[in-house]
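Containing compact mmCIF, C-alpha atoms: target.txt.
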```txt
# COMPACT_ATOMS: atom_id res chain seq x y z
CA MET A 1 53.95 -31.14 31.08
CA THR A 2 52.34 -31.29 27.63
CA ASP A 3 48.65 -31.02 26.79
CA GLU A 4 48.39 -34.48 25.20
CA THR A 5 46.63 -36.23 28.09
CA HIS A 6 43.51 -34.12 28.55
CA VAL A 7 43.22 -32.10 25.33
CA ALA A 8 41.23 -33.61 22.45
CA HIS A 9 43.53 -34.77 19.65
CA ASN A 10 42.14 -32.51 16.94
CA TYR A 11 45.69 -31.31 16.25
CA HIS A 12 48.97 -33.15 15.65
CA PRO A 13 51.46 -30.67 17.09
CA LEU A 14 55.21 -30.92 16.82
CA PRO A 15 56.84 -32.21 20.04
CA VAL A 16 57.71 -28.84 21.57
CA THR A 17 56.10 -27.04 24.53
CA VAL A 18 56.43 -23.28 24.09
CA ALA A 19 56.61 -21.24 27.28
CA GLU A 20 57.75 -17.74 26.22
CA GLY A 21 57.97 -15.60 23.12
CA GLU A 22 59.43 -12.29 22.00
CA GLY A 23 59.65 -10.88 18.49
CA ALA A 24 60.42 -13.70 16.08
CA TRP A 25 61.63 -16.09 18.78
CA VAL A 26 60.05 -18.45 21.30
CA THR A 27 61.50 -20.43 24.20
CA ASP A 28 60.33 -23.88 25.27
CA ALA A 29 59.75 -25.13 28.80
CA GLU A 30 63.34 -26.39 29.00
CA GLY A 31 64.82 -23.06 27.94
CA LYS A 32 65.68 -23.87 24.31
CA ARG A 33 65.06 -21.05 21.82
CA TYR A 34 63.43 -21.45 18.41
CA LEU A 35 62.96 -19.09 15.49
CA ASP A 36 59.24 -18.99 14.73
CA MET A 37 58.69 -19.44 10.98
CA LEU A 38 54.94 -20.05 11.29
CA SER A 39 53.63 -16.99 13.18
CA GLY A 40 50.49 -18.71 14.38
CA TYR A 41 49.38 -19.10 10.75
CA SER A 42 49.82 -15.32 10.32
CA ALA A 43 48.13 -14.38 13.60
CA LEU A 44 51.52 -13.16 14.85
CA ASN A 45 52.42 -10.91 11.92
CA PHE A 46 53.70 -8.27 14.35
CA GLY A 47 55.73 -10.72 16.40
CA HIS A 48 55.33 -12.26 19.83
CA ARG A 49 54.50 -9.74 22.54
CA ASN A 50 54.76 -6.74 20.27
CA PRO A 51 55.35 -3.92 22.80
CA GLU A 52 52.80 -1.52 21.32
CA LEU A 53 50.10 -4.19 21.18
CA ILE A 54 50.87 -5.47 24.67
CA GLN A 55 50.68 -1.91 26.01
CA ALA A 56 47.30 -1.37 24.33
CA ALA A 57 46.00 -4.61 25.86
CA GLN A 58 47.36 -3.83 29.31
CA ASP A 59 45.92 -0.33 29.29
CA GLN A 60 42.51 -1.67 28.38
CA LEU A 61 42.69 -4.58 30.85
CA GLY A 62 42.87 -1.99 33.62
CA ARG A 63 39.72 -0.26 32.41
CA LEU A 64 37.10 -2.57 30.86
CA THR A 65 37.17 -5.94 29.10
CA LEU A 66 33.58 -6.83 28.19
CA THR A 67 30.12 -5.31 28.05
CA SER A 68 28.51 -7.41 25.28
CA ARG A 69 26.88 -5.57 22.40
CA ALA A 70 23.82 -4.96 24.58
CA PHE A 71 25.60 -1.66 25.36
CA HIS A 72 28.04 0.65 23.62
CA ASN A 73 31.69 0.70 24.65
CA ASP A 74 34.18 3.50 24.06
CA GLN A 75 36.67 1.37 22.08
CA LEU A 76 34.49 -0.18 19.39
CA GLY A 77 33.63 3.04 17.55
CA PRO A 78 37.25 4.17 17.04
CA PHE A 79 38.32 0.65 16.04
CA ALA A 80 35.50 0.27 13.50
CA ALA A 81 36.17 3.72 12.03
CA ALA A 82 39.89 3.01 11.64
CA LEU A 83 39.40 -0.46 10.15
CA ALA A 84 36.73 0.77 7.74
CA ALA A 85 39.11 3.50 6.58
CA LEU A 86 41.96 1.01 6.15
CA CYS A 87 39.68 -1.08 3.92
CA GLY A 88 38.08 1.87 2.14
CA LYS A 89 34.64 0.72 3.27
CA ASP A 90 31.72 2.05 5.32
CA LEU A 91 30.93 -0.56 7.95
CA VAL A 92 32.55 -3.20 10.16
CA LEU A 93 30.81 -6.21 11.68
CA PRO A 94 33.12 -7.45 14.45
CA MET A 95 33.39 -11.11 15.43
CA ASN A 96 36.03 -13.29 17.08
CA THR A 97 37.46 -16.11 14.97
CA GLY A 98 38.18 -16.34 11.27
CA ALA A 99 35.59 -19.06 10.80
CA GLU A 100 32.99 -16.77 12.41
CA ALA A 101 33.90 -14.06 9.93
CA VAL A 102 33.39 -16.50 7.05
CA GLU A 103 30.06 -17.71 8.44
CA THR A 104 29.03 -14.08 8.85
CA GLY A 105 30.06 -13.33 5.27
CA ILE A 106 27.91 -16.23 4.07
CA LYS A 107 24.88 -14.93 5.98
CA VAL A 108 25.42 -11.41 4.67
CA ALA A 109 25.74 -12.67 1.09
CA ARG A 110 22.53 -14.68 1.33
CA ALA A 111 20.60 -11.82 2.92
CA TRP A 112 21.89 -9.44 0.24
CA GLY A 113 20.92 -11.94 -2.44
CA TYR A 114 17.34 -12.11 -1.21
CA ARG A 115 16.80 -8.55 -0.05
CA VAL A 116 18.73 -6.60 -2.68
CA LYS A 117 19.28 -8.78 -5.73
CA GLY A 118 15.87 -10.46 -5.49
CA ILE A 119 16.91 -14.13 -5.58
CA PRO A 120 13.93 -16.37 -4.77
CA ALA A 121 13.82 -17.49 -1.14
CA GLY A 122 16.03 -20.44 -0.34
CA GLU A 123 17.78 -20.52 -3.72
CA ALA A 124 20.87 -18.35 -3.17
CA LYS A 125 24.18 -19.89 -4.23
CA ILE A 126 27.76 -18.97 -3.44
CA ILE A 127 30.63 -19.92 -5.75
CA VAL A 128 33.77 -21.21 -3.98
CA ALA A 129 37.09 -22.66 -5.14
CA LEU A 130 38.41 -26.18 -4.88
CA GLY A 131 41.34 -26.47 -2.50
CA ASN A 132 39.80 -23.81 -0.25
CA PHE A 133 40.24 -23.52 3.49
CA HIS A 134 37.82 -21.10 5.12
CA GLY A 135 37.52 -22.80 8.51
CA ARG A 136 36.15 -25.91 10.16
CA THR A 137 32.58 -25.06 11.15
CA THR A 138 29.83 -27.29 9.81
CA THR A 139 28.68 -25.02 6.99
CA ILE A 140 32.22 -24.39 5.80
CA VAL A 141 33.45 -27.99 5.79
CA GLY A 142 30.51 -28.89 3.59
CA PHE A 143 32.11 -27.11 0.64
CA SER A 144 35.67 -28.23 1.40
CA ASP A 145 37.23 -30.91 -0.81
CA ASP A 146 39.84 -31.79 1.85
CA PRO A 147 38.80 -35.23 3.16
CA THR A 148 40.21 -34.48 6.63
CA ALA A 149 37.97 -31.44 6.99
CA HIS A 150 34.97 -32.89 5.15
CA THR A 151 34.52 -36.61 5.80
CA ASP A 152 31.96 -37.75 8.41
CA PHE A 153 30.69 -34.27 9.25
CA GLY A 154 27.60 -34.25 7.04
CA PRO A 155 24.84 -33.71 6.16
CA TYR A 156 26.20 -30.64 4.46
CA ALA A 157 24.56 -27.29 3.85
CA PRO A 158 23.44 -26.76 0.25
CA GLY A 159 23.96 -23.59 -1.76
CA PHE A 160 27.64 -23.82 -2.71
CA VAL A 161 29.17 -24.43 -6.13
CA ALA A 162 32.87 -25.36 -6.23
CA VAL A 163 35.05 -24.63 -9.26
CA PRO A 164 38.81 -25.02 -9.85
CA TYR A 165 40.95 -22.38 -8.15
CA GLY A 166 42.61 -19.94 -10.52
CA ASP A 167 40.07 -20.54 -13.31
CA ALA A 168 38.05 -17.37 -13.88
CA ASP A 169 36.27 -18.91 -16.87
CA ALA A 170 34.91 -21.64 -14.58
CA ILE A 171 33.56 -18.96 -12.25
CA GLU A 172 31.88 -17.19 -15.15
CA ALA A 173 30.29 -20.44 -16.31
CA ALA A 174 28.97 -21.15 -12.80
CA ILE A 175 27.23 -17.79 -12.34
CA ASP A 176 23.48 -17.76 -12.87
CA ALA A 177 20.50 -15.74 -11.67
CA THR A 178 20.66 -17.37 -8.22
CA THR A 179 24.33 -16.56 -7.57
CA ALA A 180 24.72 -14.23 -4.61
CA ALA A 181 28.51 -14.21 -4.17
CA ILE A 182 31.94 -15.47 -5.13
CA LEU A 183 33.93 -16.42 -2.01
CA ILE A 184 37.66 -16.70 -2.71
CA GLU A 185 41.00 -16.70 -0.90
CA PRO A 186 43.20 -14.32 -2.91
CA ILE A 187 46.00 -16.75 -2.05
CA GLN A 188 45.18 -20.20 -0.69
CA GLY A 189 47.17 -20.50 2.53
CA GLU A 190 46.30 -23.90 3.97
CA GLY A 191 46.39 -25.27 0.44
CA GLY A 192 50.14 -24.62 0.38
CA VAL A 193 50.43 -20.89 -0.44
CA ILE A 194 48.79 -21.35 -3.82
CA VAL A 195 49.08 -18.14 -5.84
CA PRO A 196 46.52 -17.76 -8.66
CA PRO A 197 47.44 -16.63 -12.18
CA ASP A 198 47.95 -12.92 -12.71
CA GLY A 199 44.67 -11.26 -13.59
CA TYR A 200 42.50 -13.82 -11.79
CA LEU A 201 41.33 -11.41 -9.09
CA ARG A 202 40.78 -8.63 -11.60
CA ARG A 203 38.58 -10.93 -13.68
CA ILE A 204 36.59 -11.92 -10.59
CA ARG A 205 36.06 -8.24 -9.83
CA GLU A 206 34.86 -7.63 -13.38
CA LEU A 207 32.52 -10.63 -13.32
CA ALA A 208 31.06 -9.67 -9.94
CA THR A 209 30.30 -6.17 -11.18
CA GLU A 210 28.96 -7.33 -14.53
CA LYS A 211 26.78 -10.12 -13.12
CA ASN A 212 25.62 -8.30 -9.97
CA VAL A 213 27.14 -10.70 -7.44
CA LEU A 214 29.30 -9.97 -4.40
CA PHE A 215 33.04 -10.55 -4.47
CA ILE A 216 34.01 -11.75 -0.99
CA ALA A 217 37.76 -11.92 -0.30
CA ASP A 218 38.87 -14.16 2.56
CA GLU A 219 41.97 -12.23 3.63
CA ILE A 220 42.15 -13.89 7.04
CA GLN A 221 45.62 -15.35 6.39
CA SER A 222 46.74 -13.32 3.39
CA GLY A 223 45.79 -9.88 4.69
CA LEU A 224 47.23 -7.27 7.04
CA GLY A 225 50.76 -7.05 5.68
CA ARG A 226 51.67 -10.69 5.09
CA VAL A 227 52.25 -10.44 1.33
CA GLY A 228 53.95 -7.04 1.16
CA THR A 229 50.72 -5.09 0.77
CA THR A 230 47.92 -4.42 3.24
CA PHE A 231 45.71 -6.97 1.47
CA ALA A 232 46.56 -9.66 -1.08
CA CYS A 233 43.91 -8.12 -3.35
CA ASP A 234 46.07 -4.98 -3.48
CA ARG A 235 48.60 -6.88 -5.58
CA GLU A 236 46.18 -6.65 -8.51
CA GLY A 237 44.68 -3.30 -7.57
CA VAL A 238 41.38 -5.00 -6.77
CA VAL A 239 38.84 -4.00 -4.12
CA PRO A 240 36.32 -6.73 -3.20
CA ASP A 241 32.79 -5.99 -2.03
CA VAL A 242 33.49 -7.72 1.28
CA TYR A 243 36.71 -8.28 3.23
CA LEU A 244 36.87 -11.15 5.72
CA LEU A 245 39.60 -10.46 8.27
CA GLY A 246 40.99 -12.23 11.33
CA LYS A 247 44.21 -13.74 12.69
CA ALA A 248 46.66 -10.76 12.70
CA LEU A 249 43.77 -8.40 13.50
CA GLY A 250 44.07 -9.60 17.11
CA GLY A 251 47.81 -8.99 17.20
CA GLY A 252 48.49 -12.53 18.41
CA ILE A 253 46.94 -11.57 21.74
CA LEU A 254 43.30 -12.58 21.41
CA PRO A 255 40.90 -13.63 18.65
CA VAL A 256 39.53 -10.68 16.65
CA SER A 257 37.82 -10.97 13.29
CA ALA A 258 35.64 -8.75 11.15
CA VAL A 259 33.52 -8.49 8.05
CA VAL A 260 34.09 -5.14 6.33
CA ALA A 261 31.89 -3.80 3.51
CA ASP A 262 29.88 -0.81 2.39
CA GLU A 263 26.48 0.20 3.72
CA ASP A 264 24.65 -1.22 0.71
CA VAL A 265 25.99 -4.68 1.59
CA LEU A 266 26.36 -4.87 5.38
CA GLY A 267 23.27 -2.73 5.83
CA VAL A 268 21.13 -5.77 5.01
CA ILE A 269 21.76 -7.17 8.51
CA LYS A 270 19.24 -5.84 11.01
CA PRO A 271 19.29 -5.84 14.85
CA GLY A 272 18.83 -9.33 16.27
CA GLU A 273 19.73 -11.17 13.06
CA HIS A 274 23.39 -11.75 13.92
CA GLY A 275 25.68 -11.24 16.87
CA SER A 276 28.30 -12.50 19.28
CA THR A 277 28.73 -12.18 23.04
CA PHE A 278 32.40 -11.27 22.67
CA GLY A 279 32.34 -9.73 19.20
CA GLY A 280 33.42 -6.08 19.40
CA ASN A 281 34.41 -6.31 23.07
CA PRO A 282 36.48 -3.34 24.29
CA LEU A 283 39.65 -5.35 24.87
CA ALA A 284 39.55 -6.76 21.35
CA ALA A 285 38.70 -3.36 19.91
CA ALA A 286 41.59 -1.69 21.71
CA VAL A 287 44.08 -4.23 20.37
CA GLY A 288 42.48 -4.17 16.91
CA LEU A 289 42.74 -0.38 16.79
CA LYS A 290 46.47 -0.54 17.57
CA VAL A 291 46.90 -3.18 14.83
CA VAL A 292 45.28 -0.83 12.34
CA GLU A 293 47.50 2.02 13.51
CA LEU A 294 50.60 -0.14 12.98
CA LEU A 295 49.44 -0.96 9.45
CA GLN A 296 48.67 2.69 8.70
CA THR A 297 52.40 3.45 8.99
CA GLY A 298 53.09 1.14 6.05
CA ARG A 299 56.32 -0.07 7.58
CA PHE A 300 55.19 -3.67 8.04
CA GLN A 301 53.98 -3.92 4.45
CA GLU A 302 57.26 -2.46 3.23
CA ARG A 303 59.27 -4.80 5.42
CA SER A 304 57.34 -7.81 4.15
CA ALA A 305 57.89 -6.78 0.54
CA GLN A 306 61.62 -6.17 0.97
CA LEU A 307 62.34 -9.25 3.04
CA GLY A 308 60.09 -11.22 0.73
CA GLU A 309 62.49 -10.52 -2.13
CA HIS A 310 65.32 -11.68 0.09
CA LEU A 311 63.35 -14.84 0.93
CA ARG A 312 62.77 -15.56 -2.75
CA THR A 313 66.48 -15.36 -3.60
CA ARG A 314 67.25 -17.85 -0.84
CA LEU A 315 64.48 -20.21 -1.88
CA GLU A 316 65.81 -20.23 -5.43
CA THR A 317 69.03 -21.79 -4.16
CA LEU A 318 67.42 -24.61 -2.20
CA GLU A 319 68.27 -28.14 -3.25
CA GLY A 320 66.00 -31.11 -2.65
CA ILE A 321 62.74 -29.38 -3.47
CA THR A 322 60.41 -29.76 -6.45
CA GLY A 323 59.26 -26.15 -6.41
CA PHE A 324 58.05 -23.28 -4.26
CA ARG A 325 55.54 -20.45 -4.22
CA GLN A 326 56.36 -17.19 -2.45
CA VAL A 327 54.60 -13.87 -1.90
CA GLY A 328 56.01 -11.41 0.63
CA LEU A 329 57.03 -13.26 3.79
CA TRP A 330 54.95 -16.29 2.92
CA ALA A 331 56.07 -19.41 1.08
CA GLY A 332 55.04 -22.96 0.35
CA VAL A 333 58.05 -25.19 -0.32
CA ASP A 334 57.43 -28.57 -1.96
CA ILE A 335 59.84 -31.17 -0.58
CA ASP A 336 61.20 -33.80 -2.96
CA PRO A 337 59.79 -37.11 -1.64
CA ALA A 338 63.29 -38.57 -1.88
CA HIS A 339 64.15 -36.38 1.13
CA GLY A 340 61.07 -37.16 3.21
CA THR A 341 57.65 -35.68 3.85
CA GLY A 342 56.86 -32.14 4.88
CA ARG A 343 56.22 -33.38 8.40
CA GLU A 344 59.59 -35.11 8.59
CA VAL A 345 61.39 -31.98 7.43
CA ALA A 346 59.42 -29.90 9.98
CA GLU A 347 60.54 -32.31 12.72
CA ARG A 348 64.18 -32.04 11.58
CA LEU A 349 63.84 -28.27 11.61
CA LEU A 350 62.52 -28.42 15.16
CA ALA A 351 65.70 -30.20 16.22
CA ARG A 352 67.64 -27.36 14.56
CA GLY A 353 65.76 -24.64 16.41
CA VAL A 354 63.25 -23.58 13.75
CA LEU A 355 59.46 -23.87 14.00
CA ALA A 356 57.56 -24.52 10.75
CA LYS A 357 54.62 -26.67 9.72
CA ASP A 358 53.74 -28.96 6.86
CA THR A 359 50.55 -29.18 4.83
CA HIS A 360 49.20 -31.62 2.25
CA GLY A 361 51.98 -34.14 2.72
CA GLN A 362 54.98 -32.69 0.90
CA THR A 363 54.65 -28.94 1.43
CA LEU A 364 56.46 -26.98 4.13
CA ARG A 365 54.94 -23.61 4.97
CA LEU A 366 57.10 -20.65 5.95
CA ALA A 367 55.50 -17.50 7.37
CA PRO A 368 57.81 -15.70 9.81
CA PRO A 369 56.71 -12.67 11.82
CA LEU A 370 57.13 -9.48 9.83
CA VAL A 371 59.61 -8.26 12.46
CA ILE A 372 62.16 -10.94 11.53
CA ARG A 373 65.65 -9.70 10.56
CA ALA A 374 67.35 -10.56 7.27
CA THR A 375 70.14 -12.34 9.15
CA GLU A 376 67.57 -14.45 11.01
CA LEU A 377 65.85 -15.27 7.73
CA ASP A 378 69.20 -16.35 6.28
CA TRP A 379 69.86 -18.59 9.25
CA ALA A 380 66.39 -20.14 9.01
CA LEU A 381 66.86 -20.97 5.32
CA GLU A 382 70.24 -22.52 6.07
CA GLN A 383 68.48 -24.78 8.56
CA VAL A 384 65.79 -25.61 6.01
CA GLN A 385 68.46 -26.71 3.55
CA LEU A 386 70.18 -28.85 6.15
CA ALA A 387 66.87 -30.34 7.32
CA ILE A 388 65.86 -31.31 3.79
CA HIS A 389 69.03 -33.35 3.49
CA GLY A 390 68.50 -34.93 6.89
```
Kindly return the structure encoded in the file as structure tokens.
Amino acid sequence: MTDETHVAHNYHPLPVTVAEGEGAWVTDAEGKRYLDMLSGYSALNFGHRNPELIQAAQDQLGRLTLTSRAFHNDQLGPFAAALAALCGKDLVLPMNTGAEAVETGIKVARAWGYRVKGIPAGEAKIIVALGNFHGRTTTIVGFSDDPTAHTDFGPYAPGFVAVPYGDADAIEAAIDATTAAILIEPIQGEGGVIVPPDGYLRRIRELATEKNVLFIADEIQSGLGRVGTTFACDREGVVPDVYLLGKALGGGILPVSAVVADEDVLGVIKPGEHGSTFGGNPLAAAVGLKVVELLQTGRFQERSAQLGEHLRTRLETLEGITGFRQVGLWAGVDIDPAHGTGREVAERLLARGVLAKDTHGQTLRLAPPLVIRATELDWALEQVQLAIHG
């Protein structure tokens, strides 16, 4: 039985009903296996049912799952300390979903703008990039230029200035005395794995420091090992003022997100001004702590970097594409329209036992779990080539 009858049609899923998963593979309700080349949009960086993460969740399930932040719990402190250390920051504000992390980052930036920078009340602005995808809540869709996310959901919140992605000069021109922050995806995931020009993030860091504005990096998809480094910002040796994290932070088990920054930024939020019933719950914190411990070994980042080079060499041989963008184990492959749309190729891949997803019409996204083997990656790319040619 599928979920089409009683679930709102806010998604257009491929016609497969997944029943089990392990590592880089899933099995449907009829017993057919598929290689997962999407990883829950990077939520499953460590694979399906990663044994260490499952054990952490099971251990905590037997002890305590929720208290709310009305009380302390014994898992949140260790998780926050470990995540802050991973990011090189002081404080962690835990939430649940990626969109909540972005909304929280927006509130923090505005409060910092008024309480620290001295922007006149109600005038704070945040610079964003065209082609962005930061979530689908009402504030966020207001500064999206994707008609599917934006149209018919207004009126939209003011206070956002959109400039072309990858253009640091446009950011500089947009900054004025009322600018509180620059909110950027270091790599635009939903946009099709759009990689900015080299030096873009370094220039943003320089501008933010020079102009006294916050640099907020949305690393919800790009972070936590996906691109061969812990964060995508690491590729340019850049440290933002604020990290927005999610997806893989919950290990593919439950939603966990966080805003991570230093005391002089996150310290602007006072008790009662922001919160979440489930944010920082002990089950989430226990899983999140194990995620951080896995990343502290460096083996997932190294694996992503090494297999990413392997992925690139295979992508360079593909026929029937107009181009691709690849960083670590993450790629956007542009399908030649003569061979169909991204959706059509994804459907052909499904028939061949590979799960992937399209975006923006012609682009096929590939983002396998970081536990995938080189031989599995080879097989997946063979299927991609065959699917492109029908």
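Distance annotation: of A:Gln383, A:Gln301, A:Gln58, A:Thr5, the residue with the minimal separation from Phe46 in chain A is A:Gln301; atom set is all atoms listed in the file.
Minimum distance to Gln326 in chain A across A:Glu309, A:Asp198, A:Glu344, A:Glu20 (counting all atoms listed in the file) occurs at A:Glu309.
Distance check against Lys117 in chain A using all atoms listed in the file: of A:Gln55, A:Thr27, A:Thr277, A:Thr179, the minimum falls on A:Thr179.
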Find, counting only C-alpha atoms, the residue in A:Gly228, A:Gly62, A:Pro337, A:Gly192 that gets nearest to Phe324 in chain A. A:Gly192
Just the residues within 9 Å of range 272-275 of chain A, please, counting all atoms listed in the file, with nothing from its chain fewer than 4 positions along; format it as a short mmCIF file (atom, residue, chain, number, x, y, z; two decimals) with C-alpha atoms, in the frame of the given file.
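Heads up, here's the output in result-v9.cif:
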```
data_model
loop_
_atom_site.label_atom_id
_atom_site.label_comp_id
_atom_site.auth_asym_id
_atom_site.auth_seq_id
_atom_site.Cartn_x
_atom_site.Cartn_y
_atom_site.Cartn_z
CA ARG A 69 26.88 -5.57 22.40
CA LEU A 93 30.81 -6.21 11.68
CA PRO A 94 33.12 -7.45 14.45
CA MET A 95 33.39 -11.11 15.43
CA THR A 104 29.03 -14.08 8.85
CA LYS A 107 24.88 -14.93 5.98
CA GLY A 279 32.34 -9.73 19.20
#
```
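Atom to atom, CA of Ile335 in chain A and CA of Gln188 in chain A stand 18.3 Å apart.
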